[in-house]
$ cat data.txt   # compact mmCIF, C-alpha atoms and all ligand atoms
# COMPACT_ATOMS: atom_id res chain seq x y z
CA MET A 1 0.00 0.00 0.00
CA SER A 2 1.34 3.41 -0.92
CA GLU A 3 0.42 6.33 1.27
CA GLN A 4 0.78 8.69 -1.67
CA TYR A 5 -1.70 6.79 -3.85
CA VAL A 6 -4.18 6.29 -1.01
CA LYS A 7 -4.13 10.00 -0.26
CA ALA A 8 -4.63 10.89 -3.95
CA ILE A 9 -7.55 8.43 -4.20
CA GLU A 10 -9.12 9.81 -1.01
CA GLU A 11 -8.91 13.32 -2.48
CA VAL A 12 -10.73 12.09 -5.58
CA LEU A 13 -13.42 10.48 -3.42
CA SER A 14 -14.13 13.74 -1.64
CA LYS A 15 -14.35 15.66 -4.94
CA VAL A 16 -16.74 13.06 -6.35
CA GLU A 17 -18.97 13.39 -3.30
CA LYS A 18 -19.32 17.14 -3.89
CA ASN A 19 -19.62 16.81 -7.67
CA ILE A 20 -22.55 14.40 -7.40
CA ILE A 21 -24.53 17.19 -5.73
CA THR A 22 -23.41 19.83 -8.25
CA TYR A 23 -24.01 17.79 -11.40
CA GLU A 24 -27.40 16.34 -10.40
CA GLU A 25 -28.79 14.66 -13.53
CA GLN A 26 -26.21 16.32 -15.82
CA PHE A 27 -22.81 15.07 -17.00
CA PRO A 28 -19.41 16.86 -16.98
CA HIS A 29 -17.47 17.17 -20.25
CA THR A 30 -14.65 19.76 -20.21
CA SER A 31 -14.17 22.91 -18.16
CA ASN A 32 -14.06 26.62 -18.78
CA ASP A 33 -12.45 28.74 -16.08
CA LYS A 34 -12.20 25.68 -13.82
CA VAL A 35 -15.91 24.90 -13.91
CA TYR A 36 -17.11 21.85 -15.78
CA GLU A 37 -19.50 22.48 -18.63
CA LEU A 38 -22.42 20.12 -18.05
CA ASN A 39 -24.64 18.40 -20.61
CA PRO A 40 -27.78 16.29 -20.44
CA ASN A 41 -26.09 13.12 -21.82
CA ASP A 42 -25.56 13.93 -25.47
CA ASN A 43 -21.78 13.82 -25.75
CA TRP A 44 -19.12 11.16 -26.40
CA THR A 45 -17.69 11.59 -22.91
CA ASN A 46 -20.67 10.75 -20.72
CA GLY A 47 -19.51 7.23 -19.85
CA PHE A 48 -16.45 8.56 -18.03
CA TRP A 49 -18.39 10.20 -15.20
CA VAL A 50 -20.34 6.96 -14.78
CA GLY A 51 -17.09 4.98 -14.78
CA ILE A 52 -15.67 7.29 -12.11
CA LEU A 53 -18.73 6.62 -9.96
CA TRP A 54 -18.44 2.84 -10.36
CA GLN A 55 -14.72 2.97 -9.59
CA VAL A 56 -15.12 4.99 -6.40
CA TYR A 57 -17.94 2.69 -5.31
CA GLU A 58 -15.82 -0.39 -6.02
CA TYR A 59 -12.93 1.09 -4.05
CA SER A 60 -14.89 2.42 -1.07
CA GLY A 61 -18.07 0.33 -0.87
CA ASN A 62 -19.88 3.61 -0.15
CA LEU A 63 -23.53 3.20 -1.17
CA LEU A 64 -23.88 6.89 -1.94
CA PHE A 65 -21.59 6.29 -4.92
CA LYS A 66 -23.48 3.16 -5.95
CA HIS A 67 -26.78 5.01 -5.87
CA SER A 68 -25.42 7.69 -8.13
CA ALA A 69 -23.69 5.17 -10.45
CA ASP A 70 -27.01 3.29 -10.79
CA GLU A 71 -28.88 6.49 -11.66
CA LYS A 72 -26.33 7.53 -14.26
CA THR A 73 -26.24 4.02 -15.75
CA ASP A 74 -30.03 4.20 -16.12
CA GLN A 75 -29.60 7.48 -18.02
CA MET A 76 -27.13 5.75 -20.33
CA ILE A 77 -29.63 2.92 -20.87
CA ASN A 78 -32.37 5.44 -21.75
CA ARG A 79 -30.08 7.03 -24.31
CA LEU A 80 -29.45 3.62 -25.89
CA ASP A 81 -33.13 2.64 -25.84
CA GLN A 82 -34.06 5.94 -27.47
CA ASN A 83 -31.11 5.69 -29.87
CA ARG A 84 -30.11 9.26 -29.03
CA ASP A 85 -26.77 10.83 -30.04
CA LEU A 86 -25.16 7.53 -30.89
CA ASP A 87 -24.03 8.21 -34.48
CA THR A 88 -20.41 7.85 -33.47
CA HIS A 89 -17.68 5.24 -33.02
CA ASP A 90 -17.44 6.27 -29.34
CA ILE A 91 -19.91 3.63 -28.17
CA GLY A 92 -17.23 1.79 -26.18
CA PHE A 93 -16.31 4.96 -24.27
CA LEU A 94 -20.00 5.38 -23.47
CA TYR A 95 -21.00 1.85 -22.48
CA ILE A 96 -17.91 0.00 -21.19
CA PRO A 97 -17.60 2.23 -18.07
CA SER A 98 -21.38 2.43 -17.52
CA THR A 99 -23.50 -0.64 -18.29
CA GLY A 100 -20.34 -2.72 -18.75
CA ALA A 101 -19.08 -1.74 -15.30
CA LYS A 102 -22.45 -2.45 -13.71
CA TRP A 103 -22.50 -5.91 -15.27
CA GLN A 104 -19.00 -6.65 -13.99
CA LEU A 105 -19.62 -5.39 -10.47
CA GLU A 106 -23.24 -6.33 -9.89
CA LYS A 107 -23.79 -9.21 -12.32
CA ASP A 108 -26.90 -7.31 -13.36
CA ILE A 109 -28.48 -9.08 -16.35
CA GLU A 110 -30.12 -5.97 -17.79
CA ALA A 111 -26.75 -4.18 -17.74
CA LYS A 112 -25.21 -7.12 -19.60
CA SER A 113 -27.90 -7.19 -22.29
CA LYS A 114 -27.70 -3.41 -22.76
CA THR A 115 -23.92 -3.64 -23.13
CA ILE A 116 -24.43 -6.25 -25.87
CA ALA A 117 -27.02 -3.93 -27.47
CA ALA A 118 -24.37 -1.18 -27.39
CA ALA A 119 -21.96 -3.50 -29.21
CA ASP A 120 -24.68 -4.08 -31.83
CA ARG A 121 -24.97 -0.31 -32.22
CA LEU A 122 -21.21 -0.04 -32.77
CA MET A 123 -21.40 -2.88 -35.34
CA GLN A 124 -23.64 -0.64 -37.46
CA ARG A 125 -20.51 1.41 -38.17
CA TYR A 126 -18.46 -1.58 -39.34
CA ARG A 127 -17.81 -1.51 -43.09
CA GLU A 128 -16.87 -5.14 -43.57
CA HIS A 129 -15.94 -4.84 -47.26
CA ILE A 130 -13.06 -2.49 -46.41
CA GLY A 131 -12.32 -3.54 -42.82
CA ILE A 132 -13.01 -0.24 -41.09
CA ILE A 133 -15.23 1.16 -38.36
CA GLN A 134 -16.45 4.51 -39.64
CA ALA A 135 -15.57 7.23 -37.15
CA TRP A 136 -18.20 9.86 -37.78
CA GLY A 137 -21.19 10.72 -39.95
CA PRO A 138 -23.88 8.60 -41.57
CA PRO A 139 -23.18 5.63 -43.89
CA ASN A 140 -22.01 6.70 -47.37
CA ASP A 141 -21.25 10.21 -46.17
CA PRO A 142 -19.17 11.67 -49.02
CA GLU A 143 -16.56 13.14 -46.63
CA GLN A 144 -16.61 10.82 -43.60
CA GLY A 145 -17.77 7.50 -45.12
CA GLY A 146 -14.28 5.99 -45.37
CA ARG A 147 -12.62 7.62 -42.38
CA ILE A 148 -11.20 5.92 -39.28
CA ILE A 149 -9.84 7.36 -36.03
CA ILE A 150 -7.17 6.03 -33.68
CA ASP A 151 -9.33 6.66 -30.59
CA CYS A 152 -11.58 3.81 -31.77
CA LEU A 153 -8.95 1.31 -30.55
CA MET A 154 -10.48 1.96 -27.12
CA ASN A 155 -13.99 1.19 -28.41
CA ILE A 156 -13.23 -2.24 -29.87
CA PRO A 157 -12.86 -3.89 -26.43
CA LEU A 158 -16.67 -3.65 -26.39
CA LEU A 159 -16.74 -5.87 -29.48
CA PHE A 160 -14.16 -8.35 -28.15
CA TRP A 161 -16.15 -8.60 -24.92
CA ALA A 162 -19.47 -9.07 -26.79
CA SER A 163 -18.09 -12.07 -28.67
CA GLU A 164 -16.93 -13.64 -25.43
CA VAL A 165 -20.30 -13.34 -23.73
CA THR A 166 -22.49 -14.20 -26.75
CA ASN A 167 -20.23 -16.80 -28.43
CA ASP A 168 -20.92 -14.93 -31.66
CA ASN A 169 -17.66 -14.31 -33.47
CA LYS A 170 -18.93 -11.45 -35.64
CA TYR A 171 -18.02 -8.77 -33.09
CA ARG A 172 -14.49 -10.11 -32.67
CA GLU A 173 -13.99 -10.32 -36.43
CA ALA A 174 -14.92 -6.64 -36.77
CA ALA A 175 -12.62 -5.67 -33.91
CA ILE A 176 -9.71 -7.58 -35.45
CA ALA A 177 -10.35 -6.12 -38.91
CA PHE A 178 -10.30 -2.63 -37.42
CA ALA A 179 -7.19 -3.26 -35.30
CA ASP A 180 -5.36 -4.65 -38.34
CA THR A 181 -6.34 -1.66 -40.48
CA ALA A 182 -5.33 0.74 -37.70
CA ARG A 183 -2.00 -1.03 -37.28
CA ARG A 184 -1.26 -0.87 -40.97
CA TYR A 185 -2.34 2.69 -41.73
CA LEU A 186 -2.49 4.73 -38.52
CA VAL A 187 0.86 3.59 -37.12
CA ARG A 188 3.73 5.06 -39.15
CA GLY A 189 7.12 3.51 -39.84
CA ASP A 190 8.80 5.39 -37.00
CA ASP A 191 6.08 4.23 -34.51
CA SER A 192 4.38 7.62 -34.37
CA THR A 193 0.71 7.74 -35.37
CA TYR A 194 -1.81 9.53 -37.53
CA HIS A 195 -4.92 10.64 -35.71
CA THR A 196 -7.27 9.67 -38.56
CA PHE A 197 -7.04 8.06 -41.99
CA TYR A 198 -9.23 8.29 -45.10
CA PHE A 199 -10.02 5.34 -47.39
CA ASP A 200 -12.06 5.13 -50.55
CA GLN A 201 -15.30 3.90 -49.05
CA GLU A 202 -16.10 1.63 -51.99
CA THR A 203 -12.75 0.09 -52.84
CA GLY A 204 -10.90 0.50 -49.53
CA GLN A 205 -7.96 2.15 -51.32
CA PRO A 206 -5.95 4.13 -48.74
CA ILE A 207 -6.09 7.88 -49.42
CA ARG A 208 -4.27 9.82 -46.70
CA GLY A 209 -3.62 10.35 -43.02
CA ALA A 210 -5.11 13.46 -41.45
CA THR A 211 -5.54 15.02 -38.07
CA GLN A 212 -8.64 16.25 -36.29
CA GLN A 213 -7.21 17.61 -33.05
CA GLY A 214 -3.46 17.49 -33.65
CA TYR A 215 -1.04 20.19 -34.81
CA SER A 216 -0.95 19.06 -38.45
CA ASP A 217 -1.90 16.09 -40.61
CA GLY A 218 1.54 14.54 -40.29
CA SER A 219 2.15 15.38 -36.63
CA THR A 220 1.65 13.11 -33.62
CA TRP A 221 -1.23 14.17 -31.44
CA THR A 222 -0.16 12.84 -28.07
CA ARG A 223 -3.59 11.66 -26.91
CA GLY A 224 -3.92 9.68 -30.14
CA GLN A 225 -0.57 8.03 -29.43
CA ALA A 226 -1.78 7.21 -25.91
CA TRP A 227 -5.02 5.69 -27.27
CA ALA A 228 -2.81 3.50 -29.50
CA ILE A 229 -0.62 2.33 -26.60
CA TYR A 230 -3.57 1.33 -24.46
CA GLY A 231 -5.84 0.17 -27.31
CA PHE A 232 -3.31 -2.23 -28.86
CA ALA A 233 -2.42 -3.56 -25.39
CA LEU A 234 -6.12 -4.35 -24.86
CA ALA A 235 -6.37 -5.93 -28.33
CA TYR A 236 -3.47 -8.18 -27.30
CA ARG A 237 -5.22 -9.05 -24.04
CA TYR A 238 -8.26 -10.28 -26.01
CA THR A 239 -6.50 -11.99 -28.95
CA LYS A 240 -2.95 -12.86 -27.87
CA ASN A 241 -1.84 -11.73 -31.31
CA ARG A 242 1.77 -10.71 -30.66
CA LEU A 243 1.66 -8.10 -33.42
CA TYR A 244 -0.67 -6.03 -31.24
CA LEU A 245 1.65 -6.38 -28.25
CA GLU A 246 4.63 -5.30 -30.33
CA THR A 247 2.70 -2.35 -31.74
CA SER A 248 1.60 -1.24 -28.30
CA LEU A 249 5.19 -1.45 -27.05
CA ARG A 250 6.61 0.39 -30.05
CA THR A 251 4.09 3.22 -29.71
CA ALA A 252 4.82 3.33 -25.96
CA LYS A 253 8.54 3.70 -26.53
CA TYR A 254 7.94 6.44 -29.11
CA PHE A 255 5.72 8.25 -26.60
CA ILE A 256 8.32 7.97 -23.83
CA ASN A 257 11.17 9.11 -26.09
CA GLN A 258 9.35 12.33 -26.98
CA LEU A 259 8.39 13.34 -23.42
CA PRO A 260 9.72 16.54 -21.86
CA ASP A 261 11.77 16.35 -18.64
CA ASN A 262 8.76 16.25 -16.31
CA LEU A 263 7.34 13.27 -18.30
CA ILE A 264 3.96 14.91 -18.90
CA ALA A 265 3.13 15.04 -22.60
CA HIS A 266 2.61 18.26 -24.53
CA TRP A 267 -0.61 18.22 -26.54
CA ASP A 268 1.24 17.29 -29.74
CA PHE A 269 4.79 15.97 -30.11
CA ASP A 270 5.44 18.10 -33.20
CA VAL A 271 4.34 21.53 -32.02
CA PRO A 272 7.29 23.91 -32.23
CA LEU A 273 8.68 24.09 -28.72
CA ASP A 274 8.22 27.41 -26.96
CA LYS A 275 7.47 28.44 -23.44
CA ASN A 276 3.72 28.64 -24.03
CA ILE A 277 3.29 25.09 -25.25
CA LYS A 278 0.43 23.40 -23.42
CA PRO A 279 0.49 19.97 -21.84
CA ASP A 280 -2.24 17.38 -22.17
CA SER A 281 -2.30 15.71 -18.76
CA SER A 282 -5.03 13.37 -20.03
CA ALA A 283 -2.65 11.89 -22.62
CA SER A 284 -0.24 11.03 -19.81
CA ALA A 285 -3.00 9.54 -17.63
CA ILE A 286 -4.17 7.33 -20.52
CA ALA A 287 -0.60 6.31 -21.33
CA ALA A 288 -0.02 5.43 -17.65
CA CYS A 289 -2.92 2.95 -17.81
CA GLY A 290 -1.52 1.57 -21.07
CA PHE A 291 1.95 1.13 -19.55
CA HIS A 292 0.46 -0.67 -16.56
CA GLU A 293 -1.53 -2.93 -18.89
CA LEU A 294 1.61 -3.79 -20.85
CA LEU A 295 3.66 -4.68 -17.76
CA ASP A 296 1.67 -7.91 -17.38
CA TRP A 297 3.32 -9.30 -20.51
CA LEU A 298 6.91 -8.22 -19.98
CA ASP A 299 9.76 -9.91 -18.18
CA LYS A 300 10.43 -7.98 -14.97
CA ASN A 301 14.14 -7.98 -15.65
CA SER A 302 13.83 -6.67 -19.21
CA LYS A 303 14.90 -3.18 -20.21
CA GLU A 304 11.38 -2.56 -21.55
CA TYR A 305 9.73 -3.45 -18.25
CA LYS A 306 12.05 -1.13 -16.36
CA LEU A 307 11.51 1.72 -18.82
CA LEU A 308 7.72 1.44 -18.75
CA TYR A 309 7.53 0.94 -14.99
CA SER A 310 9.76 3.89 -14.18
CA THR A 311 7.90 6.17 -16.63
CA LEU A 312 4.58 5.05 -15.17
CA VAL A 313 5.62 5.75 -11.59
CA LYS A 314 7.45 9.00 -12.27
CA SER A 315 4.71 10.44 -14.49
CA MET A 316 2.06 9.54 -11.93
CA ASP A 317 4.20 11.16 -9.21
CA THR A 318 4.21 14.35 -11.29
CA LEU A 319 0.47 14.20 -11.96
CA ILE A 320 -0.16 13.78 -8.24
CA SER A 321 2.24 16.45 -7.05
CA GLU A 322 1.90 19.08 -9.79
CA TYR A 323 -1.32 18.48 -11.72
CA ALA A 324 -3.78 17.25 -9.08
CA THR A 325 -6.14 20.05 -8.12
CA GLU A 326 -6.78 21.67 -4.76
CA GLU A 327 -9.48 20.54 -2.40
CA GLY A 328 -12.89 21.83 -3.51
CA SER A 329 -12.03 21.82 -7.24
CA GLN A 330 -14.32 19.97 -9.60
CA GLY A 331 -11.60 18.39 -11.74
CA PHE A 332 -9.13 15.87 -10.31
CA ILE A 333 -6.22 16.97 -12.53
CA ASP A 334 -5.63 20.22 -14.36
CA HIS A 335 -4.04 21.06 -17.72
CA GLY A 336 -5.78 18.59 -19.98
CA SER A 337 -6.61 19.69 -23.48
CA TYR A 338 -9.57 18.85 -25.65
CA SER A 339 -8.63 20.46 -28.94
CA VAL A 340 -5.98 23.18 -28.87
CA ARG A 341 -6.14 23.81 -32.62
CA GLU A 342 -9.90 24.39 -32.43
CA GLY A 343 -9.60 26.49 -29.26
CA LYS A 344 -11.83 24.04 -27.37
CA SER A 345 -10.82 23.71 -23.71
CA PRO A 346 -7.12 23.94 -24.57
CA ASP A 347 -5.87 23.92 -20.96
CA ASP A 348 -8.63 22.70 -18.70
CA TYR A 349 -10.22 19.83 -16.83
CA VAL A 350 -11.34 17.06 -19.18
CA ILE A 351 -13.51 14.28 -17.78
CA TRP A 352 -11.57 11.48 -19.51
CA GLY A 353 -8.38 12.84 -17.93
CA ASP A 354 -10.03 12.56 -14.52
CA TYR A 355 -11.29 9.06 -15.35
CA PHE A 356 -7.90 7.70 -16.46
CA TYR A 357 -6.06 9.44 -13.61
CA LEU A 358 -8.30 7.58 -11.18
CA GLU A 359 -7.99 4.32 -13.13
CA ALA A 360 -4.19 4.64 -13.07
CA LEU A 361 -4.17 5.33 -9.31
CA LEU A 362 -6.40 2.31 -8.71
CA ARG A 363 -4.27 0.13 -10.98
CA LEU A 364 -1.19 1.09 -8.96
CA GLU A 365 -2.80 0.86 -5.54
CA THR A 366 -5.25 -2.06 -5.92
CA ASN A 367 -4.41 -3.68 -9.27
CA LYS A 368 -8.01 -3.04 -10.46
CA ARG A 369 -8.13 -2.25 -14.15
CA GLY A 370 -11.24 -0.28 -15.00
CA TYR A 371 -13.83 -2.19 -17.01
CA TRP A 372 -12.20 -2.72 -20.44
CA TYR A 373 -12.13 -6.49 -19.84
CA GLU A 374 -13.48 -8.83 -17.20
CA THR A 375 -11.06 -10.02 -14.57
CA ASN A 376 -13.20 -12.56 -12.72
N1 LIG B 401 -12.01 10.80 -28.60
C1 LIG B 401 -11.86 12.19 -28.73
C2 LIG B 401 -10.72 12.72 -27.95
O1 LIG B 401 -9.89 12.00 -27.41
O2 LIG B 401 -10.66 13.93 -27.84

$ encode --input "data.txt" --output "structure tokens"
Amino acid sequence: MSEQYVKAIEEVLSKVEKNIITYEEQFPHTSNDKVYELNPNDNWTNGFWVGILWQVYEYSGNLLFKHSADEKTDQMINRLDQNRDLDTHDIGFLYIPSTGAKWQLEKDIEAKSKTIAAADRLMQRYREHIGIIQAWGPPNDPEQGGRIIIDCLMNIPLLFWASEVTNDNKYREAAIAFADTARRYLVRGDDSTYHTFYFDQETGQPIRGATQQGYSDGSTWTRGQAWAIYGFALAYRYTKNRLYLETSLRTAKYFINQLPDNLIAHWDFDVPLDKNIKPDSSASAIAACGFHELLDWLDKNSKEYKLLYSTLVKSMDTLISEYATEEGSQGFIDHGSYSVREGKSPDDYVIWGDYFYLEALLRLETNKRGYWYETN
């Protein structure tokens, strides 16, 4: 047990207790002037607040947290039943930490069947003839129809999981097709990554890499690189295909090699360095979870294990000592960025940063791993 991690987790618990009262039936997304902008459950990020609630309940056993997690999970179920605001690849982000978590913790049958229904919703975006999961927009959209996004590597665990619980291989086949396409086209020869990639939606011919939130089309948006580290590690967990493990490790080493001295990533690795460059603490929190996930498969005496472990511990030390917020703040860590290039919350609280910071603390302190796969 580490006193430092326990203290950081306890600080999160007390913020969550206050936030439950402030947010009521709303959901936090990103902040402006240190106050979370709330929404009624129409964004891609809503699962993270629910996942925070399930994690603090799992850690503490406090029924106040369970009550709130149940209420929020019901709101997520309503959204699914009404098919509201689900025209996105982000279905895994929405339903793994909400209904998926409830199934894992409570063995609640409705939560399980809704999580499978969420996987079915994600399958509607699978374009089998070209092996992609369409990121955004309706089918056949002239601009978005053949476009993929690296973030989706964190949504395919929903498909892997659905195959395991239904014994229907179709979900797994889609997840593998996407992971293979992502590996081939989003990961570049030097182990950096494109954020998104366009294909001809009829023939599958590759067209070009492009960014959405990064500095430029050819740059490496650090959160995208972190999604790749963690996403390929999870794909390895489900498939045991060593290519995914190697890709996760290669992208992890690239990430580590580009970090500044304090080991907290800037928002893009290719932004010209100057004193005003902004960090993205959420990229480092996500990467920390990915490093921890990878450690399971590495020899403790290997150079790679030592590199990942020391980066994990040192970067979490920095997040705790320099990025964690003061008592009474809504966010758990500061200096995340949503989309610097679009001027959207460029240096703020971001709810996924809070989620992965807590997941990383719990991984280190209790060896719990969020809800991306079942552990029992
Ligand atoms: N999935 C969108 C983002 O990471 O900002």

$ residues_near_ligand --input "data.txt" --ligand "ligand LIG 401 (chain B)" --cutoff "12 Å" --atoms "all atoms listed in the file" --output "ChimeraX atom specification"
/A:29-30,43-46,48,88-94,135-136,148-155,195-196,211-214,221-228,267,280,282-283,286,336-342,344-346,350-353,356

$ atom_distance --input "data.txt" --atom1 "atom CA of Gly137 of chain A" --atom2 "atom CA of Leu122 of chain A"
12.9 Å

$ atom_distance --input "data.txt" --atom1 "atom CA of Tyr355 of chain A" --atom2 "atom CA of Ala101 of chain A"
13.3 Å

$ residues_near_point --input "data.txt" --point "(-27.1, 3.7, -11.0)" --cutoff "10 Å" --atoms "all atoms listed in the file" --output "PDB file with C-alpha atoms, keeping the file's coordinate frame"
ATOM      1  CA  VAL A  50     -20.340   6.960 -14.780  1.00  0.00           C
ATOM      2  CA  LEU A  53     -18.730   6.620  -9.960  1.00  0.00           C
ATOM      3  CA  TRP A  54     -18.440   2.840 -10.360  1.00  0.00           C
ATOM      4  CA  PHE A  65     -21.590   6.290  -4.920  1.00  0.00           C
ATOM      5  CA  LYS A  66     -23.480   3.160  -5.950  1.00  0.00           C
ATOM      6  CA  HIS A  67     -26.780   5.010  -5.870  1.00  0.00           C
ATOM      7  CA  SER A  68     -25.420   7.690  -8.130  1.00  0.00           C
ATOM      8  CA  ALA A  69     -23.690   5.170 -10.450  1.00  0.00           C
ATOM      9  CA  ASP A  70     -27.010   3.290 -10.790  1.00  0.00           C
ATOM     10  CA  GLU A  71     -28.880   6.490 -11.660  1.00  0.00           C
ATOM     11  CA  LYS A  72     -26.330   7.530 -14.260  1.00  0.00           C
ATOM     12  CA  THR A  73     -26.240   4.020 -15.750  1.00  0.00           C
ATOM     13  CA  ASP A  74     -30.030   4.200 -16.120  1.00  0.00           C
ATOM     14  CA  GLN A  75     -29.600   7.480 -18.020  1.00  0.00           C
ATOM     15  CA  MET A  76     -27.130   5.750 -20.330  1.00  0.00           C
ATOM     16  CA  SER A  98     -21.380   2.430 -17.520  1.00  0.00           C
ATOM     17  CA  THR A  99     -23.500  -0.640 -18.290  1.00  0.00           C
ATOM     18  CA  LYS A 102     -22.450  -2.450 -13.710  1.00  0.00           C
TER      19      LYS A 102
END

$ closest_residue --input "data.txt" --among "A:Glu58, A:Glu10, A:Asp191, A:Asp334" --to "Leu105 of chain A" --atoms "all atoms listed in the file"
A:Glu58

$ atom_distance --input "data.txt" --atom1 "atom CA of Arg121 of chain A" --atom2 "atom CA of Ala182 of chain A"
20.4 Å

$ closest_residue --input "data.txt" --among "A:Tyr59, A:Trp103, A:Phe197, A:Asp261" --to "Ala210 of chain A" --atoms "all atoms listed in the file"
A:Phe197

$ residues_around --input "data.txt" --residues "segment 287-297 of chain A" --least-positions-apart "5" --cutoff "9 Å" --atoms "only C-alpha atoms" --output "PDB file with C-alpha atoms, keeping the file's coordinate frame"
ATOM      1  CA  ARG A 223      -3.590  11.660 -26.910  1.00  0.00           C
ATOM      2  CA  GLN A 225      -0.570   8.030 -29.430  1.00  0.00           C
ATOM      3  CA  ALA A 226      -1.780   7.210 -25.910  1.00  0.00           C
ATOM      4  CA  TRP A 227      -5.020   5.690 -27.270  1.00  0.00           C
ATOM      5  CA  ALA A 228      -2.810   3.500 -29.500  1.00  0.00           C
ATOM      6  CA  ILE A 229      -0.620   2.330 -26.600  1.00  0.00           C
ATOM      7  CA  TYR A 230      -3.570   1.330 -24.460  1.00  0.00           C
ATOM      8  CA  GLY A 231      -5.840   0.170 -27.310  1.00  0.00           C
ATOM      9  CA  PHE A 232      -3.310  -2.230 -28.860  1.00  0.00           C
ATOM     10  CA  ALA A 233      -2.420  -3.560 -25.390  1.00  0.00           C
ATOM     11  CA  LEU A 234      -6.120  -4.350 -24.860  1.00  0.00           C
ATOM     12  CA  ARG A 237      -5.220  -9.050 -24.040  1.00  0.00           C
ATOM     13  CA  LEU A 245       1.650  -6.380 -28.250  1.00  0.00           C
ATOM     14  CA  SER A 248       1.600  -1.240 -28.300  1.00  0.00           C
ATOM     15  CA  LEU A 249       5.190  -1.450 -27.050  1.00  0.00           C
ATOM     16  CA  ALA A 252       4.820   3.330 -25.960  1.00  0.00           C
ATOM     17  CA  PHE A 255       5.720   8.250 -26.600  1.00  0.00           C
ATOM     18  CA  SER A 282      -5.030  13.370 -20.030  1.00  0.00           C
ATOM     19  CA  GLU A 304      11.380  -2.560 -21.550  1.00  0.00           C
ATOM     20  CA  TYR A 305       9.730  -3.450 -18.250  1.00  0.00           C
ATOM     21  CA  LEU A 308       7.720   1.440 -18.750  1.00  0.00           C
ATOM     22  CA  TYR A 309       7.530   0.940 -14.990  1.00  0.00           C
ATOM     23  CA  THR A 311       7.900   6.170 -16.630  1.00  0.00           C
ATOM     24  CA  LEU A 312       4.580   5.050 -15.170  1.00  0.00           C
ATOM     25  CA  VAL A 313       5.620   5.750 -11.590  1.00  0.00           C
ATOM     26  CA  SER A 315       4.710  10.440 -14.490  1.00  0.00           C
ATOM     27  CA  MET A 316       2.060   9.540 -11.930  1.00  0.00           C
ATOM     28  CA  PHE A 356      -7.900   7.700 -16.460  1.00  0.00           C
ATOM     29  CA  TYR A 357      -6.060   9.440 -13.610  1.00  0.00           C
ATOM     30  CA  GLU A 359      -7.990   4.320 -13.130  1.00  0.00           C
ATOM     31  CA  ALA A 360      -4.190   4.640 -13.070  1.00  0.00           C
ATOM     32  CA  LEU A 361      -4.170   5.330  -9.310  1.00  0.00           C
ATOM     33  CA  ARG A 363      -4.270   0.130 -10.980  1.00  0.00           C
ATOM     34  CA  LEU A 364      -1.190   1.090  -8.960  1.00  0.00           C
ATOM     35  CA  ARG A 369      -8.130  -2.250 -14.150  1.00  0.00           C
TER      36      ARG A 369
END

$ closest_residue --input "data.txt" --among "A:Ile52, A:Leu259, A:Met1, A:Leu298" --to "Glu17 of chain A" --atoms "all atoms listed in the file"
A:Ile52

$ closest_residue --input "data.txt" --among "A:Asp141, A:Asp42, A:Glu246, A:Glu164" --to "Glu374 of chain A" --atoms "only C-alpha atoms"
A:Glu164

$ closest_residue --input "data.txt" --among "A:Pro142, A:Lys253, A:Glu365, A:Leu63" --to "Asp200 of chain A" --atoms "all atoms listed in the file"
A:Pro142

$ axis_aligned_box --input "data.txt" --around "segment 144-159 of chain A" --padding-each-side "4 Å" --output "JSON"
{"center_x": -12.5, "center_y": 2.5, "center_z": -35.9, "size_x": 18.6, "size_y": 24.7, "size_z": 27.0}

$ residues_around --input "data.txt" --residues "Asn19 of chain A" --least-positions-apart "2" --cutoff "12 Å" --atoms "all atoms listed in the file" --output "PyMOL selection string"
chain A and resi 12-17+21-28+35-36+38+49+52-53+65+68+328-332

$ write_last_selection --input "data.txt" --atoms "C-alpha atoms" --output "short mmCIF file (atom, residue, chain, number, x, y, z; two decimals), keeping the file's coordinate frame"
data_model
loop_
_atom_site.label_atom_id
_atom_site.label_comp_id
_atom_site.auth_asym_id
_atom_site.auth_seq_id
_atom_site.Cartn_x
_atom_site.Cartn_y
_atom_site.Cartn_z
CA VAL A 12 -10.73 12.09 -5.58
CA LEU A 13 -13.42 10.48 -3.42
CA SER A 14 -14.13 13.74 -1.64
CA LYS A 15 -14.35 15.66 -4.94
CA VAL A 16 -16.74 13.06 -6.35
CA GLU A 17 -18.97 13.39 -3.30
CA ILE A 21 -24.53 17.19 -5.73
CA THR A 22 -23.41 19.83 -8.25
CA TYR A 23 -24.01 17.79 -11.40
CA GLU A 24 -27.40 16.34 -10.40
CA GLU A 25 -28.79 14.66 -13.53
CA GLN A 26 -26.21 16.32 -15.82
CA PHE A 27 -22.81 15.07 -17.00
CA PRO A 28 -19.41 16.86 -16.98
CA VAL A 35 -15.91 24.90 -13.91
CA TYR A 36 -17.11 21.85 -15.78
CA LEU A 38 -22.42 20.12 -18.05
CA TRP A 49 -18.39 10.20 -15.20
CA ILE A 52 -15.67 7.29 -12.11
CA LEU A 53 -18.73 6.62 -9.96
CA PHE A 65 -21.59 6.29 -4.92
CA SER A 68 -25.42 7.69 -8.13
CA GLY A 328 -12.89 21.83 -3.51
CA SER A 329 -12.03 21.82 -7.24
CA GLN A 330 -14.32 19.97 -9.60
CA GLY A 331 -11.60 18.39 -11.74
CA PHE A 332 -9.13 15.87 -10.31
#

$ closest_residue --input "data.txt" --among "A:Tyr254, A:Trp161, A:Tyr349, A:Tyr215" --to "Thr375 of chain A" --atoms "all atoms listed in the file"
A:Trp161

$ residues_around --input "data.txt" --residues "segment 169-180 of chain A" --least-positions-apart "6" --cutoff "10 Å" --atoms "all atoms listed in the file" --output "PyMOL selection string"
chain A and resi 116+119-120+122-123+125-128+130-134+148+150+152-153+155-163+186+228+231-232+235+238-239+241+243-244
